[in-house]
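Chemist: Pasting data-v8.txt here (compact mmCIF, C-alpha atoms (C1' of nucleotides)):
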```
# COMPACT_ATOMS: atom_id res chain seq x y z
CA MET S 1 0.00 0.00 0.00
CA ILE S 2 1.34 3.29 -1.07
CA PRO S 3 1.18 5.88 1.68
CA VAL S 4 -0.62 8.97 0.52
CA MET S 5 0.92 12.18 1.64
CA ALA S 6 -1.41 13.69 4.19
CA GLU S 7 -2.62 17.15 3.39
CA PRO S 8 -0.94 19.53 5.80
CA ARG S 9 -3.24 20.38 8.61
CA THR S 10 -2.63 24.08 8.50
CA LEU S 11 -0.59 26.58 6.54
CA LYS S 12 3.13 26.65 7.03
CA PRO S 13 4.42 29.90 8.48
CA GLU S 14 5.93 31.11 5.24
CA GLU S 15 2.75 30.29 3.40
CA TRP S 16 0.76 32.20 5.90
CA GLU S 17 3.11 35.09 5.70
CA LEU S 18 2.87 35.23 1.95
CA TRP S 19 -0.88 35.25 2.15
CA ASP S 20 -0.90 37.83 4.85
CA THR S 21 1.50 40.16 3.10
CA TRP S 22 -0.39 39.95 -0.09
CA MET S 23 -3.70 40.49 1.65
CA ARG S 24 -2.34 43.50 3.37
CA ALA S 25 -1.15 44.98 0.11
CA GLN S 26 -4.59 44.51 -1.40
CA ARG S 27 -6.30 46.07 1.48
CA LEU S 28 -4.07 49.11 1.53
CA LEU S 29 -4.30 49.62 -2.19
CA LEU S 30 -8.05 49.38 -2.35
CA ARG S 31 -8.45 51.58 0.66
CA GLU S 32 -6.21 54.19 -0.87
CA LEU S 33 -7.94 54.22 -4.21
CA ASP S 34 -11.30 54.36 -2.58
CA ARG S 35 -10.37 57.14 -0.24
CA ASP S 36 -8.89 59.26 -2.98
CA LEU S 37 -11.89 58.84 -5.20
CA GLN S 38 -14.11 59.77 -2.30
CA ASP S 39 -12.06 62.78 -1.20
CA GLU S 40 -11.21 64.20 -4.59
CA CYS S 41 -14.20 63.30 -6.70
CA GLY S 42 -16.88 62.87 -4.07
CA ILE S 43 -17.90 59.46 -5.29
CA SER S 44 -17.46 55.94 -3.99
CA LYS S 45 -15.84 53.24 -6.02
CA ALA S 46 -19.21 51.56 -6.40
CA GLU S 47 -20.60 54.72 -7.91
CA PHE S 48 -17.51 54.96 -10.06
CA SER S 49 -18.16 51.50 -11.46
CA VAL S 50 -21.64 52.47 -12.47
CA LEU S 51 -20.59 55.76 -13.98
CA VAL S 52 -17.83 54.17 -16.02
CA THR S 53 -19.99 51.38 -17.27
CA LEU S 54 -22.66 53.74 -18.48
CA TRP S 55 -20.04 56.11 -19.84
CA GLN S 56 -18.55 53.44 -22.05
CA VAL S 57 -21.74 52.36 -23.68
CA PRO S 58 -22.90 54.14 -26.88
CA GLY S 59 -26.04 56.01 -25.88
CA ARG S 60 -24.91 56.24 -22.27
CA GLU S 61 -27.91 54.29 -21.19
CA MET S 62 -28.70 50.65 -20.60
CA ARG S 63 -31.26 48.43 -19.06
CA VAL S 64 -30.83 47.64 -15.40
CA GLY S 65 -30.27 44.00 -16.12
CA GLU S 66 -27.53 44.67 -18.63
CA LEU S 67 -25.84 46.92 -16.13
CA ALA S 68 -25.96 44.21 -13.51
CA GLU S 69 -24.54 41.67 -15.89
CA SER S 70 -21.83 43.95 -17.05
CA LEU S 71 -20.75 44.79 -13.52
CA ASP S 72 -21.19 41.24 -12.29
CA TRP S 73 -23.36 42.57 -9.48
CA GLU S 74 -26.61 41.27 -8.14
CA LYS S 75 -29.70 42.95 -9.47
CA SER S 76 -30.70 44.17 -6.08
CA ARG S 77 -27.35 45.77 -5.51
CA VAL S 78 -27.72 47.65 -8.74
CA SER S 79 -31.22 48.71 -7.87
CA HIS S 80 -30.25 50.08 -4.48
CA MET S 81 -27.29 51.82 -6.02
CA LEU S 82 -29.35 53.43 -8.75
CA THR S 83 -31.82 54.70 -6.21
CA ARG S 84 -29.05 56.47 -4.33
CA MET S 85 -27.41 57.77 -7.47
CA GLU S 86 -30.69 59.00 -8.83
CA THR S 87 -31.27 61.12 -5.76
CA ARG S 88 -27.77 62.51 -6.17
CA GLY S 89 -28.52 63.38 -9.77
CA PHE S 90 -25.90 61.20 -11.45
CA VAL S 91 -28.28 59.01 -13.34
CA ALA S 92 -31.87 59.22 -14.46
CA PRO S 93 -34.30 56.70 -15.83
CA THR S 94 -34.57 57.08 -19.57
CA ARG S 95 -37.77 55.17 -19.67
CA CYS S 96 -40.03 53.73 -17.05
CA GLY S 97 -42.52 50.96 -16.96
CA PRO S 98 -46.06 51.82 -15.90
CA SER S 99 -45.37 51.06 -12.25
CA GLY S 100 -42.45 53.44 -11.94
CA ARG S 101 -40.00 50.68 -12.64
CA ARG S 102 -36.79 51.71 -14.34
CA THR S 103 -36.73 50.24 -17.79
CA GLY S 104 -33.73 52.18 -19.02
CA ILE S 105 -31.18 54.06 -16.97
CA GLY S 106 -28.84 56.71 -18.31
CA LEU S 107 -26.16 59.19 -17.31
CA THR S 108 -27.20 62.75 -16.62
CA ASP S 109 -24.92 65.62 -17.61
CA LYS S 110 -23.71 65.79 -14.07
CA GLY S 111 -23.05 62.07 -14.16
CA GLY S 112 -21.14 62.41 -17.39
CA ARG S 113 -18.93 65.14 -16.02
CA ALA S 114 -18.31 63.17 -12.84
CA ALA S 115 -17.41 60.08 -14.85
CA GLN S 116 -14.96 61.96 -16.97
CA SER S 117 -13.03 63.56 -14.17
CA ALA S 118 -13.11 60.44 -12.03
CA ILE S 119 -11.71 58.35 -14.85
CA LEU S 120 -8.74 60.65 -15.20
CA ARG S 121 -8.12 60.76 -11.51
CA HIS S 122 -8.57 57.07 -10.99
CA GLY S 123 -6.34 56.25 -13.92
CA ARG S 124 -3.56 58.32 -12.45
CA ASN S 125 -3.94 56.59 -9.13
CA ILE S 126 -3.85 53.16 -10.68
CA ARG S 127 -0.70 54.11 -12.43
CA ARG S 128 0.83 55.53 -9.34
CA TYR S 129 0.03 52.83 -6.87
CA PHE S 130 -0.22 49.78 -9.04
CA LEU S 131 1.51 50.04 -12.39
CA ASP S 132 4.48 52.08 -11.29
CA SER S 133 5.42 49.49 -8.73
CA LEU S 134 5.54 46.76 -11.36
CA THR S 135 8.36 45.68 -13.61
CA ALA S 136 7.41 44.22 -16.96
CA GLU S 137 8.23 40.78 -15.68
CA GLN S 138 6.16 41.17 -12.58
CA ALA S 139 3.30 42.45 -14.66
CA ALA S 140 3.45 39.39 -16.88
CA THR S 141 3.50 37.09 -13.89
CA ILE S 142 0.56 38.79 -12.33
CA ARG S 143 -1.46 38.68 -15.45
CA VAL S 144 -0.91 34.97 -15.89
CA TRP S 145 -1.60 34.20 -12.32
CA SER S 146 -4.76 36.30 -12.23
CA GLU S 147 -6.07 34.45 -15.21
CA GLN S 148 -5.26 31.12 -13.63
CA MET S 149 -7.07 32.12 -10.51
CA ILE S 150 -10.12 33.35 -12.34
CA ASP S 151 -10.31 30.08 -14.19
CA GLY S 152 -9.85 28.18 -10.97
CA ILE S 153 -12.76 29.89 -9.33
CA GLU S 154 -15.12 30.71 -12.10
CA PRO S 155 -14.47 28.46 -15.06
CA ARG S 156 -16.78 30.23 -17.43
CA PHE S 157 -15.79 32.08 -20.54
CA GLY S 158 -15.91 35.50 -22.05
CA GLU S 159 -18.61 37.10 -19.98
CA GLY S 160 -18.67 39.96 -17.50
CA SER S 161 -16.83 42.79 -19.14
CA GLY S 162 -15.21 44.17 -16.04
CA ASN S 163 -15.25 47.65 -14.66
CA GLY S 164 -11.90 47.88 -13.00
CA VAL S 165 -13.21 48.23 -9.51
CA ALA S 166 -13.85 45.72 -6.78
CA MET D 1 14.54 73.72 -23.43
CA ILE D 2 14.25 70.06 -22.88
CA PRO D 3 10.77 68.78 -23.59
CA VAL D 4 9.42 66.89 -20.64
CA MET D 5 7.56 63.75 -21.51
CA ALA D 6 3.93 64.38 -20.79
CA GLU D 7 2.31 61.99 -18.41
CA PRO D 8 -0.08 59.85 -20.41
CA ARG D 9 -3.56 61.16 -20.08
CA THR D 10 -5.17 57.83 -19.41
CA LEU D 11 -4.22 54.20 -19.13
CA LYS D 12 -3.21 52.34 -22.22
CA PRO D 13 -5.53 49.50 -23.13
CA GLU D 14 -3.15 46.79 -22.05
CA GLU D 15 -2.54 48.57 -18.77
CA TRP D 16 -6.20 48.82 -18.17
CA GLU D 17 -6.67 45.22 -19.04
CA LEU D 18 -4.00 44.13 -16.63
CA TRP D 19 -5.58 46.13 -13.88
CA ASP D 20 -9.01 44.87 -14.71
CA THR D 21 -7.99 41.25 -14.84
CA TRP D 22 -6.16 41.46 -11.61
CA MET D 23 -9.02 43.26 -9.95
CA ARG D 24 -11.40 40.64 -11.10
CA ALA D 25 -9.25 37.88 -9.70
CA GLN D 26 -9.14 39.62 -6.34
CA ARG D 27 -12.80 40.10 -6.23
CA LEU D 28 -13.61 36.52 -7.09
CA LEU D 29 -11.12 35.14 -4.62
CA LEU D 30 -12.29 37.26 -1.73
CA ARG D 31 -15.88 36.59 -2.53
CA GLU D 32 -15.24 32.88 -2.59
CA LEU D 33 -13.35 32.79 0.68
CA ASP D 34 -15.96 34.92 2.33
CA ARG D 35 -18.84 32.89 1.08
CA ASP D 36 -17.31 29.63 2.18
CA LEU D 37 -16.53 30.91 5.63
CA GLN D 38 -20.07 32.17 5.89
CA ASP D 39 -21.71 29.02 4.58
CA GLU D 40 -19.55 26.45 6.35
CA CYS D 41 -18.60 28.16 9.57
CA GLY D 42 -21.39 30.66 9.95
CA ILE D 43 -19.05 33.58 10.41
CA SER D 44 -18.04 36.54 8.29
CA LYS D 45 -14.46 37.26 7.44
CA ALA D 46 -14.55 40.24 9.73
CA GLU D 47 -15.60 38.01 12.60
CA PHE D 48 -12.91 35.58 11.58
CA SER D 49 -10.28 38.29 11.87
CA VAL D 50 -11.33 39.07 15.38
CA LEU D 51 -11.52 35.44 16.43
CA VAL D 52 -8.07 34.68 15.05
CA THR D 53 -6.49 37.70 16.60
CA LEU D 54 -7.81 36.89 20.02
CA TRP D 55 -7.01 33.22 19.53
CA GLN D 56 -3.37 33.93 18.88
CA VAL D 57 -2.77 36.04 21.93
CA PRO D 58 -1.72 34.32 25.19
CA GLY D 59 -4.64 34.75 27.58
CA ARG D 60 -7.09 35.01 24.66
CA GLU D 61 -8.01 38.45 25.72
CA MET D 62 -6.87 41.95 24.92
CA ARG D 63 -7.87 45.54 25.32
CA VAL D 64 -10.08 46.97 22.62
CA GLY D 65 -7.41 49.39 21.55
CA GLU D 66 -4.81 46.68 21.13
CA LEU D 67 -7.24 44.71 19.05
CA ALA D 68 -7.88 47.68 16.83
CA GLU D 69 -4.18 48.29 16.39
CA SER D 70 -3.45 44.70 15.68
CA LEU D 71 -6.19 44.46 13.06
CA ASP D 72 -5.43 47.87 11.64
CA TRP D 73 -9.09 48.77 12.04
CA GLU D 74 -10.68 51.90 13.36
CA LYS D 75 -11.74 51.81 16.96
CA SER D 76 -15.35 52.32 16.10
CA ARG D 77 -15.33 49.44 13.71
CA VAL D 78 -13.98 47.20 16.42
CA SER D 79 -16.53 48.45 18.86
CA HIS D 80 -19.46 47.80 16.55
CA MET D 81 -18.07 44.39 15.71
CA LEU D 82 -17.62 43.43 19.34
CA THR D 83 -21.16 44.45 20.10
CA ARG D 84 -22.45 42.12 17.42
CA MET D 85 -20.12 39.30 18.40
CA GLU D 86 -20.99 39.66 22.02
CA THR D 87 -24.65 39.17 21.30
CA ARG D 88 -23.74 36.09 19.31
CA GLY D 89 -21.73 34.76 22.22
CA PHE D 90 -18.31 34.64 20.58
CA VAL D 91 -16.63 37.12 22.84
CA ALA D 92 -17.24 38.52 26.27
CA PRO D 93 -15.81 41.44 28.16
CA THR D 94 -13.27 40.22 30.66
CA ARG D 95 -13.39 43.43 32.57
CA CYS D 96 -15.50 46.49 32.35
CA GLY D 97 -15.07 50.06 33.37
CA PRO D 98 -17.66 51.54 35.72
CA SER D 99 -19.85 52.76 32.89
CA GLY D 100 -20.16 49.40 31.20
CA ARG D 101 -17.29 50.13 28.89
CA ARG D 102 -15.29 47.14 27.72
CA THR D 103 -11.86 47.34 29.24
CA GLY D 104 -10.80 43.85 28.25
CA ILE D 105 -12.37 41.57 25.68
CA GLY D 106 -11.85 37.83 25.50
CA LEU D 107 -12.89 34.71 23.60
CA THR D 108 -15.68 32.62 25.03
CA ASP D 109 -15.56 28.83 24.72
CA LYS D 110 -17.89 29.05 21.79
CA GLY D 111 -15.63 31.66 20.27
CA GLY D 112 -12.60 29.45 20.78
CA ARG D 113 -14.25 26.50 19.09
CA ALA D 114 -15.40 28.66 16.21
CA ALA D 115 -11.91 30.06 15.79
CA GLN D 116 -10.34 26.65 15.72
CA SER D 117 -12.59 25.17 13.10
CA ALA D 118 -12.62 28.31 11.00
CA ILE D 119 -8.85 28.44 10.95
CA LEU D 120 -8.66 24.93 9.57
CA ARG D 121 -11.30 25.57 7.00
CA HIS D 122 -9.95 28.91 5.95
CA GLY D 123 -6.44 27.55 5.70
CA ARG D 124 -7.58 24.84 3.36
CA ASN D 125 -9.34 27.38 1.22
CA ILE D 126 -6.34 29.64 1.04
CA ARG D 127 -4.30 26.70 -0.06
CA ARG D 128 -6.83 25.65 -2.60
CA TYR D 129 -7.59 28.95 -4.23
CA PHE D 130 -4.44 30.89 -3.67
CA LEU D 131 -1.37 28.81 -2.94
CA ASP D 132 -2.14 25.93 -5.25
CA SER D 133 -2.41 28.25 -8.20
CA LEU D 134 1.08 29.61 -7.60
CA THR D 135 4.41 28.35 -8.79
CA ALA D 136 7.39 29.06 -6.58
CA GLU D 137 8.49 31.77 -8.94
CA GLN D 138 5.12 33.43 -9.01
CA ALA D 139 5.00 33.30 -5.25
CA ALA D 140 8.34 35.04 -5.01
CA THR D 141 7.25 37.72 -7.43
CA ILE D 142 4.07 38.32 -5.57
CA ARG D 143 5.76 38.58 -2.27
CA VAL D 144 8.26 41.13 -3.52
CA TRP D 145 5.68 43.15 -5.29
CA SER D 146 3.30 43.16 -2.33
CA GLU D 147 6.05 44.48 -0.16
CA GLN D 148 6.90 47.17 -2.67
CA MET D 149 3.33 48.20 -2.80
CA ILE D 150 2.92 48.31 0.94
CA ASP D 151 5.98 50.49 1.19
CA GLY D 152 4.67 52.69 -1.57
CA ILE D 153 1.44 53.33 0.20
CA GLU D 154 2.22 53.13 3.86
CA PRO D 155 5.89 53.76 4.40
CA ARG D 156 5.87 52.88 8.05
CA PHE D 157 7.65 49.97 9.62
CA GLY D 158 6.96 46.86 11.56
CA GLU D 159 3.54 47.61 12.97
CA GLY D 160 0.13 46.06 12.42
CA SER D 161 0.60 42.34 12.79
CA GLY D 162 -1.85 41.29 10.14
CA ASN D 163 -4.74 38.94 10.39
CA GLY D 164 -4.84 37.45 6.94
CA VAL D 165 -8.19 38.88 6.02
CA ALA D 166 -9.21 41.97 4.18
C1' DA I 1 -60.09 33.98 -22.45
C1' DC I 2 -57.61 32.19 -18.84
C1' DC I 3 -54.02 30.94 -16.03
C1' DA I 4 -49.23 28.98 -14.93
C1' DG I 5 -44.72 30.15 -15.38
C1' DT I 6 -40.75 33.04 -16.08
C1' DG I 7 -37.85 37.01 -16.14
C1' DA I 8 -37.12 41.86 -14.81
C1' DG I 9 -36.98 45.00 -11.28
C1' DT I 10 -37.95 46.39 -6.45
C1' DT I 11 -38.14 46.26 -1.44
C1' DG I 12 -36.94 45.30 3.42
C1' DA I 13 -33.98 43.33 6.72
C1' DT I 14 -29.57 42.73 8.36
C1' DG I 15 -24.62 42.91 8.66
C1' DC I 16 -20.35 45.49 7.39
C1' DG I 17 -17.43 49.92 7.28
C1' DT I 18 -16.56 54.90 7.97
C1' DC I 19 -17.03 59.39 9.79
C1' DA I 20 -17.98 62.67 13.27
C1' DA I 21 -19.55 63.57 17.72
C1' DC I 22 -19.84 62.25 22.24
C1' DT I 23 -18.70 60.30 27.18
C1' DT I 24 -15.42 58.64 30.48
C1' DC I 25 -11.54 58.24 32.63
C1' DA I 26 -6.55 59.02 33.87
C1' DG I 27 -2.94 61.98 34.52
C1' DC I 28 -1.36 66.69 34.77
C1' DT I 29 -0.69 71.30 36.58
C1' DC I 30 -1.77 74.90 39.52
C1' DG N 1 -8.67 69.47 45.12
C1' DA N 2 -10.35 72.27 40.67
C1' DG N 3 -9.78 72.29 36.24
C1' DC N 4 -7.50 70.93 31.76
C1' DT N 5 -6.16 67.79 28.41
C1' DG N 6 -5.72 63.65 25.83
C1' DA N 7 -6.60 58.90 25.16
C1' DA N 8 -9.98 55.04 25.27
C1' DG N 9 -14.22 53.54 24.09
C1' DT N 10 -19.02 54.24 22.47
C1' DT N 11 -22.81 55.90 19.69
C1' DG N 12 -25.58 57.38 15.68
C1' DA N 13 -26.02 58.25 11.00
C1' DC N 14 -25.23 56.91 6.57
C1' DG N 15 -23.62 54.35 2.54
C1' DC N 16 -22.40 49.69 0.80
C1' DA N 17 -23.46 44.48 0.05
C1' DT N 18 -26.28 40.35 0.31
C1' DC N 19 -30.34 37.53 0.90
C1' DA N 20 -35.05 36.47 0.58
C1' DA N 21 -39.49 37.86 -0.62
C1' DC N 22 -42.34 40.45 -3.41
C1' DT N 23 -44.69 42.85 -7.77
C1' DC N 24 -45.38 43.35 -12.30
C1' DA N 25 -45.48 42.30 -17.04
C1' DC N 26 -45.06 39.14 -20.74
C1' DT N 27 -45.52 34.50 -22.88
C1' DG N 28 -47.29 30.13 -24.07
C1' DG N 29 -50.58 26.44 -23.67
C1' DT N 30 -55.14 24.87 -23.32
```
Now, as a test, write the supplied structure out as structure tokens.
Modeler:
Amino acid sequence: MIPVMAEPRTLKPEEWELWDTWMRAQRLLLRELDRDLQDECGISKAEFSVLVTLWQVPGREMRVGELAESLDWEKSRVSHMLTRMETRGFVAPTRCGPSGRRTGIGLTDKGGRAAQSAILRHGRNIRRYFLDSLTAEQAATIRVWSEQMIDGIEPRFGEGSGNGVA
Amino acid sequence: MIPVMAEPRTLKPEEWELWDTWMRAQRLLLRELDRDLQDECGISKAEFSVLVTLWQVPGREMRVGELAESLDWEKSRVSHMLTRMETRGFVAPTRCGPSGRRTGIGLTDKGGRAAQSAILRHGRNIRRYFLDSLTAEQAATIRVWSEQMIDGIEPRFGEGSGNGVA
DNA sequence: ACCAGTGAGTTGATGCGTCAACTTCAGCTC
DNA sequence: GAGCTGAAGTTGACGCATCAACTCACTGGT
């Protein structure tokens, strides 16, 4: 009988440390990006995601369901978000069903302006905190590994466009 | 006059794609770990952080401020969290100031058991989703880069022990 | 015409995270 | 000891995220 190597009961210290260091880096980075967006542009990263997604699409309007799909968010999350953003004047329903239900949602002028400036700002921050700290080799490694991980967790194909925000 | 290279106005497509892919990987990984901890152990990753931190410390009790420092959380976040966890029976004040204020906070038996099983489970998940998808080289790259990034954002030294959770 | 079923969108409840304001308490000076 | 100051801890308000339950409209079958 061939002895099967037992799975280690817990993480080895250096494994744990790797995980912990990496986790810490994530947390700091996201926190920083979020804070800056909030302080300088007055929007959260969730709002940013919505603004960008609408910004990118031709008529700057979509159906709620498309938006949810594109962001890979739950419908209800989108709905709550839109309610808040509507009261802030960033988006407006382009068409409504009889019962007040949002059938189409679009950027307002204010939303468009906010999107534009936030994209610039956020881009600079990504460069500063993320890209600038990467060598070409590191970047390649990270890309490969990210793709591996995505496949490992969610082995579906080409869907969910991505909005660049957690 | 030497022309200074203008900073690119926005991210180049491949830069954006790198960022987006990486972001997506993060999001999926964290979501997965969180969901599993929630489904299998009945605790959130925030609760997990607190349990682990208390678990690791000698008497399994600390002051609220120490806990906050160790987790790198705001005091108020810790306080809210402890209130919830206290009602769930995971932690209990070990000593209180006159006005009912928590002076020391410690794990209950239930909290200890939860910590133990969650640590095993979480460790396996980290291995499965994170470590197993890494070659030694990738791991080295990620470690270095994480450290660079941490230094880039928070150029302080040796504080904040880390709890392995966002 | 009717009704079951399905998909789209909403709502409410609850937990998480942050900010600002507040209460206590300890140590300090006078 | 009276009063000041700063640190420790709490509270309330608000936005974000998820889950489950609901409404509404459309579709297809009989």
Chemist: Atom CA of D:Ala136 and atom CA of S:Thr141, how far apart in Å?
Modeler: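 For atom CA of S:Thr141 relative to atom CA of D:Ala136, the distance reads 11.5 Å.
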Chemist: Just need the residues of chain I within 12 Å of chain S, counting all atoms listed in the file, so spit them out as a list in words.
Modeler: DG7, DA8, DG9, DT10, DT11, DG12, DG17 and DT18 of chain I
Chemist: So what do you get for atom C1' of N:DT27 versus atom CA of S:Glu74, distance-wise?
Modeler: 24.9 Å
Chemist: What would the list of residues within 12 Å of (-14.4, 58.5, 27.5) (file frame) look like as a ChimeraX atom specification, if all atoms listed in the file are what count?
Modeler: /D:97-103 /I:22-26 /N:6-11
Chemist: May I have the residues of chain N within 10 Å of chain S, counting only C-alpha atoms (C1' of nucleotides), written as a list of chain:residue names?
Modeler: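 Selected residues: N:DG15, N:DC16, N:DA17, N:DT18, N:DC19, N:DT23, N:DC24, N:DA25.
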Chemist: Hey, list the chain S side of the contact with chain D: 9 Å cut-off, all atoms listed in the file, answer as a PyMOL selection string.
Modeler: chain S and resi 8-11+15-29+32+119-121+123-124+126-127+129-131+133-134+137-143+145-150+152-154+162-166
Chemist: By how many Å are atom CA of D:Leu51 and atom CA of D:Gly89 apart?
Modeler: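 Result for atom CA of D:Leu51 versus atom CA of D:Gly89: 11.8 Å, one decimal.
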Chemist: Residues within 8 Å of S:Gly111, please, as a list in words. Count all atoms listed in the file; anything in the same chain fewer than 3 positions from it doesn't count.
Modeler: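 These residues fall inside the cut-off: Leu51, Gly89, Phe90, Val91, Leu107, Thr108, Ala114 and Ala115 of chain S.
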